[in-house]
Structures are given as structure tokens and as C-alpha cells.
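S.K.: Next up is a structure, given as C-alpha cells.
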Amino acid sequence: MHEKLYPYRFELFLFSQIAILFGSLIVPGNFFEIIISPILFLVNLASGVLLISKKKKLMWFFIVLLIISGIVFGAGLFEDIGSKPLKLLNMGTYFLFYTIVTFEIIRQVWETKIVNKNVIFGLISGYISLGLIGFFICLSIEILHPISFEGLKATIDQPQLFTERLMYYSYITLITIGYGDIVPVTSLAQKAAILIGMMGQFYLVILTAIVVGKYINYNISK
């Protein structure tokens with residue numbers, strides 16, 4: 001099973017990310033944020049295990065993260081879903097996961113010799129992962145220091161609006177659109193905004209140069 005799925009590792013990872021980002025359009029309401037979204041994150045984490053499965057130690061580390069996330073999700077169903085310790089543990093788990101998996105995607109793209117659809121899917125999923133990293137950074141800041149962002153028009157007690165608005169803010173900042181409808185007002189939130197914007201620019205500049213260089217070299221050598 002592993003050998004059959006491994007060639008499609010980037011596709012599986014990317015499609016589960018797309019489901020996380022746009023699933024609320026199909027299943028609107030708090031049900032998506034409370035039940036469906038955590039399940040999709042677990043699916044994405046599981047596909048991340050497949051993505052790094054060639055590195056056994058790292059794979060087992062990801063499996064531990066998957067187990068922790070599953071336990072936190074299960075505990076959240078029976079306890080207060082707004083529990084700050086549970087939220088922070090979940091944020092930390094996914095932040096660590098997406099940070100490691102983004103570096104792994106960059107490494108695999110860096111080492112590949114042929115630019116094919118897997119590389120393209122990997123680049124897209126890596127960029128989406130940066131947005132999710134930014135989302136978890138902003139969410140952790142807002143949980144620890146409420147009202148760090150103005151314009152959310154939601155509270156932590158409104159999981160659907162709260163998470164959607166912060167995810168929207170993360171991606172708008174990552175791609176440097178910056179409409180200004182959500183504004184970081186504390187020093188920590190402003191530093192996070194700078195970090196997210198720089199991550200997006202560095203990723204596009206460096207990874208695009210690498211892929212274009214590999215594509216040119218491959219065609220010259222043919």
C-alpha cells in the first residue's frame with residue numbers, strides 16, 4: 001500500500017490542504033470548524049507521514065504528532081472545546097508539523113533532477129503550508145493575547161468566524177495583498193505579520209529560481 005501511494009504523496013497532501021481551506025464552502029457552520037476541520041487536519045497530517053516516510057525517524061515523529069492531535073481532538077469532543085491548554089497544544093503540534101513538512105518539501109524539490117507534476121504539486125502544497133504556519137502563529141497570539149488583531153468581527157467563542165478570519169488574514173498577508181480590513185495592533189502581532197510576509201516572498205523567489213534552473217538544465221542536457 002505504501003509503495004502504491006508514495007508516488008502520489010504530493011497530490012494527497014495538496015488535496016487535503018485544499019479541503020481544509022475551502023471545505024467550509026460545502027459544509028458551512030460551526031459543524032465544519034468543530035468536527036470536519038480537525039478531521040481534515042488529521043488527514044493532512046497522515047498524508048504528511050506518507051510524504052516523509054523515506055526518513056524513518058522523522059516518520060515516527062510525525063506519527064507521534066498524529067496521535068497527539070487525535071487525542072486532543074477526542075478530548076475536545078468531551079471537554080470544553082474552548083479550553084486554552086487544549087487549543088495551545090493543538091496549535092503547537094500543527095505548527096511543528098507544518099514547519100517540518102515545509103522544509104522537507106523544499107528539500108525534496110531541491111534534490112529532484114526533473115521538473116514534473118510532483119514537483120509542481122509539492123511547490124503548491126509547500127506554499128499553502130506556509131499560510132497554515134502563519135495561521136497557527138496568529139491564532140496562538142490571539143488566544144494568548146486577545147484583541148491583538150482588529151477587524152476580526154468574531155471572538156474565540158465563535159469558532160467558525162474566528163478561525164476563518166484569521167486564516168484569511170494569514171493568506172492575505174502571505175501573498176502581500178493586505179486589504180487592511182484586519183490589522184495587527186500589538187507589537188507581537190505586527191512582528192508575526194512581517195514574518196508571514198517575508199516567508200511568502202522568500203519562498204517564491206528561492207523556490208521559483210531553483211525550479212526554473214532545474215528545468216533549463218534538464219532541457220539543455222537532453
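Residue names in the C-alpha cells use chain letters A, B, ... in the order shown, residue numbers from 1 in each chain, and ligand numbers from 1 in the order shown.
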Could you pull the residues within 9 Å of A:Gln108, counting only C-alpha atoms, minus those fewer than 5 positions along the same chain, as a PyMOL selection string?
M.R.: chain A and resi 103+119+122
S.K.: Mind writing the picked residues with N, CA and C atoms as a PDB file, in the first residue's frame?
M.R.:
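Contents of part.pdb, as written:
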ATOM      1  N   PHE A 103       9.924  22.327   5.205  1.00  0.00           N
ATOM      2  CA  PHE A 103      11.355  22.134   4.971  1.00  0.00           C
ATOM      3  C   PHE A 103      11.606  20.841   4.187  1.00  0.00           C
ATOM      4  N   VAL A 119       6.743  17.801  -8.601  1.00  0.00           N
ATOM      5  CA  VAL A 119       7.453  18.993  -8.137  1.00  0.00           C
ATOM      6  C   VAL A 119       6.487  20.184  -8.057  1.00  0.00           C
ATOM      7  N   GLY A 122       4.214  19.720  -5.205  1.00  0.00           N
ATOM      8  CA  GLY A 122       4.985  19.949  -3.988  1.00  0.00           C
ATOM      9  C   GLY A 122       5.177  21.425  -3.702  1.00  0.00           C
TER      10      GLY A 122
END
S.K.: When DSSP works through the backbone of this structure, what residues of chain A end up as alpha helix (DSSP H), shown as an NGL selection string?
M.R.: :A and (2-5 or 9-22 or 30-31 or 37-51 or 56-78 or 84-111 or 117-144 or 159-174 or 187-221)
S.K.: List the neighbours of A:Ile147 out to 9 Å using only C-alpha atoms; skip same-chain residues closer than 5 positions along the sequence, and give me the result as an NGL selection string.
M.R.: :A and (142 or 152 or 155 or 184-186)
S.K.: Near stretch 198-205 of chain A, counting only C-alpha atoms, which residues have an atom at most 10 Å away, once you skip same-chain residues fewer than 2 positions from it, shown as a list in words?
M.R.: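 Once the adjacent positions are removed, what remains is Ile106, Leu123, Gly126, Tyr127, Ile128, Leu130, Gly131, Ile133, Gly134, Tyr171, Thr173, Leu174, Ile175, Thr176, Ala192, Ala193, Ile194, Leu195, Ile196, Leu207, Thr208, Ala209 and Ile210 of chain A.
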S.K.: With only C-alpha atoms as the atoms that count, which of A:Lys54, A:Leu88, A:Asp181, A:Thr93 lies nearest to A:Ile67?
M.R.: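 Result for the nearest residue to A:Ile67: A:Thr93.
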S.K.: Applying 10 Å and only C-alpha atoms, which residues near A:Gly23 remain after dropping the ones on its own chain fewer than 2 positions away? List them as a list in words.
M.R.: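 Near A:Gly23, the qualifying residues are Ser16, Gln17, Ile18, Ala19, Ile20, Leu21, Leu25, Ile26, Val27, Pro28, Phe32, Glu33, Ile36, Ser37 and Leu40 of chain A.
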S.K.: For the residues in the current selection, export all heavy atoms as a JSON list (two decimals), in the first residue's frame.
M.R.:
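Saved as part.json:
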[["chain", "number", "residue", "atom", "x", "y", "z"],
["A", 16, "SER", "N", -5.78, 17.44, 0.47],
["A", 16, "SER", "CA", -6.29, 17.55, 1.84],
["A", 16, "SER", "C", -6.15, 18.99, 2.35],
["A", 16, "SER", "O", -6.99, 19.47, 3.12],
["A", 16, "SER", "CB", -5.56, 16.58, 2.78],
["A", 16, "SER", "OG", -4.15, 16.79, 2.77],
["A", 17, "GLN", "N", -5.12, 19.71, 1.90],
["A", 17, "GLN", "CA", -4.98, 21.12, 2.26],
["A", 17, "GLN", "C", -6.10, 21.96, 1.64],
["A", 17, "GLN", "O", -6.66, 22.85, 2.29],
["A", 17, "GLN", "CB", -3.63, 21.65, 1.80],
["A", 17, "GLN", "CG", -2.45, 21.17, 2.63],
["A", 17, "GLN", "CD", -1.14, 21.73, 2.12],
["A", 17, "GLN", "OE1", -0.93, 21.83, 0.91],
["A", 17, "GLN", "NE2", -0.26, 22.10, 3.02],
["A", 18, "ILE", "N", -6.41, 21.67, 0.37],
["A", 18, "ILE", "CA", -7.48, 22.40, -0.30],
["A", 18, "ILE", "C", -8.82, 22.17, 0.41],
["A", 18, "ILE", "O", -9.64, 23.09, 0.55],
["A", 18, "ILE", "CB", -7.57, 21.98, -1.79],
["A", 18, "ILE", "CG1", -6.32, 22.47, -2.52],
["A", 18, "ILE", "CG2", -8.83, 22.53, -2.45],
["A", 18, "ILE", "CD1", -6.22, 21.99, -3.95],
["A", 19, "ALA", "N", -9.03, 20.94, 0.87],
["A", 19, "ALA", "CA", -10.26, 20.63, 1.61],
["A", 19, "ALA", "C", -10.33, 21.44, 2.91],
["A", 19, "ALA", "O", -11.40, 21.92, 3.31],
["A", 19, "ALA", "CB", -10.33, 19.13, 1.92],
["A", 20, "ILE", "N", -9.18, 21.63, 3.57],
["A", 20, "ILE", "CA", -9.14, 22.43, 4.80],
["A", 20, "ILE", "C", -9.50, 23.89, 4.50],
["A", 20, "ILE", "O", -10.28, 24.52, 5.21],
["A", 20, "ILE", "CB", -7.74, 22.35, 5.44],
["A", 20, "ILE", "CG1", -7.49, 20.96, 6.02],
["A", 20, "ILE", "CG2", -7.59, 23.41, 6.55],
["A", 20, "ILE", "CD1", -6.06, 20.73, 6.45],
["A", 21, "LEU", "N", -8.95, 24.42, 3.41],
["A", 21, "LEU", "CA", -9.14, 25.83, 3.09],
["A", 21, "LEU", "C", -10.55, 26.14, 2.61],
["A", 21, "LEU", "O", -11.12, 27.18, 2.96],
["A", 21, "LEU", "CB", -8.13, 26.27, 2.02],
["A", 21, "LEU", "CG", -6.66, 26.38, 2.45],
["A", 21, "LEU", "CD1", -5.80, 26.78, 1.26],
["A", 21, "LEU", "CD2", -6.50, 27.38, 3.57],
["A", 25, "LEU", "N", -17.04, 26.02, 2.42],
["A", 25, "LEU", "CA", -17.96, 26.44, 1.36],
["A", 25, "LEU", "C", -19.01, 25.37, 1.07],
["A", 25, "LEU", "O", -20.11, 25.66, 0.62],
["A", 25, "LEU", "CB", -17.20, 26.76, 0.08],
["A", 25, "LEU", "CG", -16.19, 27.91, 0.15],
["A", 25, "LEU", "CD1", -15.45, 28.05, -1.16],
["A", 25, "LEU", "CD2", -16.88, 29.22, 0.52],
["A", 26, "ILE", "N", -18.63, 24.11, 1.35],
["A", 26, "ILE", "CA", -19.53, 22.98, 1.11],
["A", 26, "ILE", "C", -20.30, 22.62, 2.37],
["A", 26, "ILE", "O", -21.50, 22.32, 2.32],
["A", 26, "ILE", "CB", -18.73, 21.76, 0.61],
["A", 26, "ILE", "CG1", -18.00, 22.12, -0.69],
["A", 26, "ILE", "CG2", -19.65, 20.55, 0.40],
["A", 26, "ILE", "CD1", -17.05, 21.05, -1.17],
["A", 27, "VAL", "N", -19.60, 22.66, 3.52],
["A", 27, "VAL", "CA", -20.23, 22.34, 4.81],
["A", 27, "VAL", "C", -20.11, 23.57, 5.70],
["A", 27, "VAL", "O", -19.21, 23.66, 6.54],
["A", 27, "VAL", "CB", -19.57, 21.12, 5.47],
["A", 27, "VAL", "CG1", -20.33, 20.73, 6.73],
["A", 27, "VAL", "CG2", -19.46, 19.96, 4.51],
["A", 28, "PRO", "N", -20.98, 24.54, 5.53],
["A", 28, "PRO", "CA", -20.88, 25.78, 6.32],
["A", 28, "PRO", "C", -21.31, 25.57, 7.77],
["A", 28, "PRO", "O", -21.95, 24.58, 8.10],
["A", 28, "PRO", "CB", -21.84, 26.74, 5.60],
["A", 28, "PRO", "CG", -22.85, 25.84, 4.97],
["A", 28, "PRO", "CD", -22.11, 24.58, 4.59],
["A", 32, "PHE", "N", -18.47, 22.43, 10.68],
["A", 32, "PHE", "CA", -17.23, 22.25, 9.92],
["A", 32, "PHE", "C", -16.02, 22.57, 10.79],
["A", 32, "PHE", "O", -15.05, 21.80, 10.83],
["A", 32, "PHE", "CB", -17.23, 23.14, 8.68],
["A", 32, "PHE", "CG", -15.95, 23.04, 7.88],
["A", 32, "PHE", "CD1", -15.77, 22.02, 6.97],
["A", 32, "PHE", "CD2", -14.92, 23.96, 8.06],
["A", 32, "PHE", "CE1", -14.59, 21.92, 6.24],
["A", 32, "PHE", "CE2", -13.73, 23.86, 7.35],
["A", 32, "PHE", "CZ", -13.57, 22.84, 6.43],
["A", 33, "GLU", "N", -16.06, 23.70, 11.50],
["A", 33, "GLU", "CA", -14.90, 24.13, 12.29],
["A", 33, "GLU", "C", -14.66, 23.23, 13.49],
["A", 33, "GLU", "O", -13.51, 22.99, 13.86],
["A", 33, "GLU", "CB", -15.10, 25.58, 12.76],
["A", 33, "GLU", "CG", -15.12, 26.60, 11.63],
["A", 33, "GLU", "CD", -13.83, 26.61, 10.84],
["A", 33, "GLU", "OE1", -12.77, 26.32, 11.43],
["A", 33, "GLU", "OE2", -13.87, 26.91, 9.63],
["A", 36, "ILE", "N", -15.45, 18.74, 11.29],
["A", 36, "ILE", "CA", -14.86, 18.39, 9.99],
["A", 36, "ILE", "C", -13.43, 18.90, 9.84],
["A", 36, "ILE", "O", -12.53, 18.18, 9.42],
["A", 36, "ILE", "CB", -15.73, 18.93, 8.83],
["A", 36, "ILE", "CG1", -17.16, 18.40, 8.95],
["A", 36, "ILE", "CG2", -15.12, 18.54, 7.48],
["A", 36, "ILE", "CD1", -17.26, 16.90, 8.86],
["A", 37, "SER", "N", -13.21, 20.18, 10.20],
["A", 37, "SER", "CA", -11.88, 20.77, 10.04],
["A", 37, "SER", "C", -10.80, 20.02, 10.82],
["A", 37, "SER", "O", -9.74, 19.72, 10.26],
["A", 37, "SER", "CB", -11.91, 22.24, 10.45],
["A", 37, "SER", "OG", -10.64, 22.83, 10.29],
["A", 40, "LEU", "N", -10.00, 16.89, 8.94],
["A", 40, "LEU", "CA", -9.22, 17.16, 7.73],
["A", 40, "LEU", "C", -7.76, 17.45, 8.07],
["A", 40, "LEU", "O", -6.85, 17.06, 7.33],
["A", 40, "LEU", "CB", -9.84, 18.34, 6.98],
["A", 40, "LEU", "CG", -11.18, 18.08, 6.29],
["A", 40, "LEU", "CD1", -11.73, 19.37, 5.69],
["A", 40, "LEU", "CD2", -11.03, 17.01, 5.20]]
S.K.: A:Lys153: which residues within 10 Å, counting only C-alpha atoms, same-chain residues fewer than 3 positions away excluded, as a PyMOL selection string?
M.R.: chain A and resi 149-150+158+161-162+165+182
S.K.: Any idea what's packed within 10 Å of A:Thr112, counting only C-alpha atoms, ignoring anything in its chain fewer than 5 positions away? Could you give it as number ranges by chain?
M.R.: A: 107, 118-119, 211, 214
S.K.: Can I get the selected residues back with N, CA and C atoms, as a CSV table (one decimal), in the first residue's frame?
M.R.:
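Contents of the output file again.csv:
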chain,number,residue,atom,x,y,z
A,107,ARG,N,13.3,20.4,0.6
A,107,ARG,CA,14.5,19.5,0.4
A,107,ARG,C,14.2,18.6,-0.8
A,118,ASN,N,4.9,16.2,-9.9
A,118,ASN,CA,5.1,16.0,-8.4
A,118,ASN,C,5.8,17.3,-7.9
A,119,VAL,N,6.7,17.8,-8.6
A,119,VAL,CA,7.5,19.0,-8.1
A,119,VAL,C,6.5,20.2,-8.1
A,211,VAL,N,13.5,25.8,-9.4
A,211,VAL,CA,12.7,25.0,-10.3
A,211,VAL,C,13.0,25.5,-11.8
A,214,LYS,N,16.5,24.1,-12.7
A,214,LYS,CA,16.4,22.7,-13.0
A,214,LYS,C,15.8,22.4,-14.3
S.K.: Which distance in Å separates atom CA of A:Glu3 and atom CA of A:Lys56, to one decimal?
M.R.: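 Calculated distance between atom CA of A:Glu3 and atom CA of A:Lys56 is 14.6 Å.
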S.K.: What residues in stretch 35-189 of chain A get the DSSP label strand (DSSP E)? Please answer as a list of chain:residue names.
M.R.: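 Restricting stretch 35-189 of chain A to strand (DSSP E) produces A:Phe149, A:Glu150, A:Val183, A:Pro184.
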S.K.: Kindly assemble as a tab-separated table a list of the stretch 58-141 of chain A residues that lie within 10 Å of stretch 50-53 of chain A, each paired with its nearest atom pair and their distance in Å to one decimal, using only C-alpha atoms, sorted first by chain and then by ascending residue number.
M.R.:
residue	atom	partner	partner_atom	distance
A:Leu58	CA	A:Ile52	CA	7.0
A:Met59	CA	A:Ser53	CA	5.2
A:Trp60	CA	A:Ser53	CA	8.6
A:Phe62	CA	A:Ile52	CA	8.7
A:Ile100	CA	A:Ile52	CA	9.7
A:Val101	CA	A:Ile52	CA	7.7
A:Glu104	CA	A:Ile52	CA	7.2
A:Ile105	CA	A:Leu51	CA	8.3
A:Gln108	CA	A:Ile52	CA	9.5
A:Gly122	CA	A:Leu51	CA	9.9
